[in-house]
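**Q** One structure, as structure tokens, below. Some questions next.
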Amino acid sequence: MPAAIKAEVQTVVYHNPDNGYAVVRVRAKDEPGIVTVVGCLGQLQPGEFLEIEGEWKTHPKFGRQLEASHFKQTYPATEHGVVRFLKSSLKGVGEKTAEALVKQFGVAVLDILDTDPERLRAVKGITKKRLEGMVESWRTQREVKSLIVFLHSHEVPPTYASRIFKLYGAQSEEKLRQNPYELAYLIRGIGFRTADAMALKLGFAEDAPERVEAALAYVLISKGERGGHMFCPKEQLLRECSRMLGLDDLALLEEGLEALERKKRVHVEDLPEQNVEQAVFLMSGYRAEREIAQRLFGLVSHPAPVSRAEVKRALPAIETALGFDLSPEQREAVFEACVNKVFIITGGPGTGKTTITRAIVAALSRLKLKVKLAAPTGRAAKRLSEATGETAQTLHRLLLYSPEHGFYHCEDQKLSAEVLLVDEVSMLDAGLFLALLRALPATCRLVLVGDVNQLPSVGAGNVLSDLIKSGAVPKAVLTHIFRQAQESAIVVNAHRFNAGQFPVASGKEPPDADFYWIPQDNPQKVQEMIVEMVTARIPERFGLDPMRDVQVLTPMHKGEVGTSALNQLLQERLNPRRGVEIKRGYAVFRPGDRVLQLRNNYDKDVFNGDLGWVSDVDPEDGSLSVDFDGNLVPFDATELEDLTLAYAVSVHKSQGCEYPAVVVPVVTQHYVLLMRNLLYTALTRARRLAVFIGSEKALATGLANITSGQRMTHLMHRIRHIFTGNALR
């Protein structure tokens, strides 16, 4: 029901500084008692007077409240209101100072702040410095609220008002009128579509040059974020941009691309090695590939000798200390890893990567070298620590990353290490690999371990594959599957998947069987079977805990067997409501729920991909705490978007993890993402049991698909050029 009220702010219950959303209690004329108002209101203070337009809604828990659509600030009308406003709004003003100001100037004090603030120094205690702080805080509040009103007046959601003001300050409105598309380049979270909607409402034409340039950049960014590509062929870029904007004038798009080149936001070059004419890179991606090649060559070519004879002498003692003999292939890999400045070890399950990693760490330590261990994610780092018995960290933690300042260890502040061994390198994107190379001293040795057949990194690039294909970096490709591993149907079928072949049955009975393929064409039936498998059949036959040991991995988020639907169903079966819970959008969190961290949070020491269990929830303030392997982490209401239920997670999110048992749906609904390396990655996450359920057609489609996930990069060729002495492209 539409409404308009005049109100005085009594208390601010909640305010999100990132998007301006607030919950406030107000006293309104013609409304009995205290009224709750919610909406994008900016940073309000008790004592402020507002004229608010909105709609009355009834919240299922909090009752009647006004959802604001427009508002404007008015001055408090009474001296009491002005006192409350001053003490809560102005820097350096407490109750006594506020009362003194009102006693001297009455309600006109607010006008004086605008027109002649020097007069306020007549009040005792108002020094020049104090007055400057008061005026600055007053000006900032006025300007942020003015920006919100400006956005409202153009039917633009004021969600990003605080971020825009932080970027542009007092020039915000002027900058938005000039070119709102700049926001898409400069403010994280504001993409092309948000900026475009704003620009069109501000009167920009559909064929405006600023719009065309921003759209071209948006398509390139989308290629990197969604497909992991470092470049896009020019013809394809223009075609996709034309379709997105509804513009057929290719000359206009060409002009936009040339403008981006002049501004050095993109780089265009021919790539004859790949038969690509006019490849378009974001400038950051182009520079990253060039710098990676240069720094890799510098690292490899800088001497830091280790005696080959000394390594050979050390190996027998290492094998004795570890309690097993290395195979000839393994021994050669360990030896080469010790004597080369940069070395790659790759191989599938059962080929002994973990054994070799342990031996390398032991050998290098015996050679008195300072070894550091790292992996791209927290789960992968934990597994590396368990495998070697040494401390391993995430790369971000190792390089001391902070969102405000970036990586502490960099070109100017090198990492203190003589050897760095990095595991799960298939997950390493171009940006993170470049940050790592910048932090390494020229004398440091680098050992990279990973399975090149796994899914590539979530971020742009295909680092491990490009390094191996370049032929410039020494490597050991492990192919021998050890006899004990050959007895595992998980290992056997992983290699069959990698060869594009259908899986074979385990040939054993529970609890010794470790692989099942269950044909089922109907997605609804697949959903029902997964729920029954996870909650009853696997726990009964294999003695596994459904909450801790069984993980559903699925290619997509939507559909009957996507993460969203399966998480709801599994939560209801495994952790039904017994008491308190918190709703956040479509998600419900309860004590005992398994959850996944979606973003790195360095303050809390939790990282993207970490699994935890909800310890307790507080519905009153919308907060909860999560136990991440003994690290109890609090989350307030504004941070719950960093969490999601994890009874079912995407295959991409499972990289670097291992689970006692995995259950994987394979249905034709997921054909867009069904690829051989995705199926292979899902299977190799299982330690004891893997169950695949779905249609043979979908499985055949995925096993045959080795091209749709391929990435457009040029790093392999740049490395080849610089290592062979040719001019770096």
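Ligands are numbered from 1 in the order shown, residues from 1 within each chain, and chains are lettered A, B, ... in the order they appear in the structure tokens.
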Excluding range 461-473 of chain A and residues on its chain fewer than 4 positions from it, collect all residues at most 7 Å away from it, counting only C-alpha atoms, and give them as a PyMOL selection string.

**A** chain A and resi 228-230+342-343+425-426+428-430+452+456-457+711+713+715-717+719-720+723

**Q** Per DSSP on the backbone, what are the strand (DSSP E or B) residues of range 256-310 of chain A, as a list in words?

**A**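 Of range 256-310 of chain A, only Val266, His267, Val268, Glu269, Asp270, Leu271, Val276, Glu277, Gln278, Ala279, Val280, Phe281 and Leu282 of chain A fall in strand (DSSP E or B).
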
**Q** Would you kindly return, as number ranges by chain, each protein, DNA or RNA residue with an atom no farther than 12 Å from any atom of range 324-337 of chain A, considering only C-alpha atoms and excluding same-chain residues fewer than 2 positions away?

**A** A: 306-322, 339-347, 351-364, 419-421, 445-449, 473-482

**Q** Check the smallest atom-to-atom distance from each of A:Leu282, A:Thr443, A:Glu173, A:Ala28 to Ser222 in chain A using only C-alpha atoms, then report the winner.

**A**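 So, comparing all the options, the nearest one is A:Leu282.
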
**Q** Would you give me, as an MDAnalysis selection string, the residues in range 269-313 of chain A that DSSP reads as helix (DSSP H, G or I)?

**A** chainID A and resid 272:274 283:301 308:313
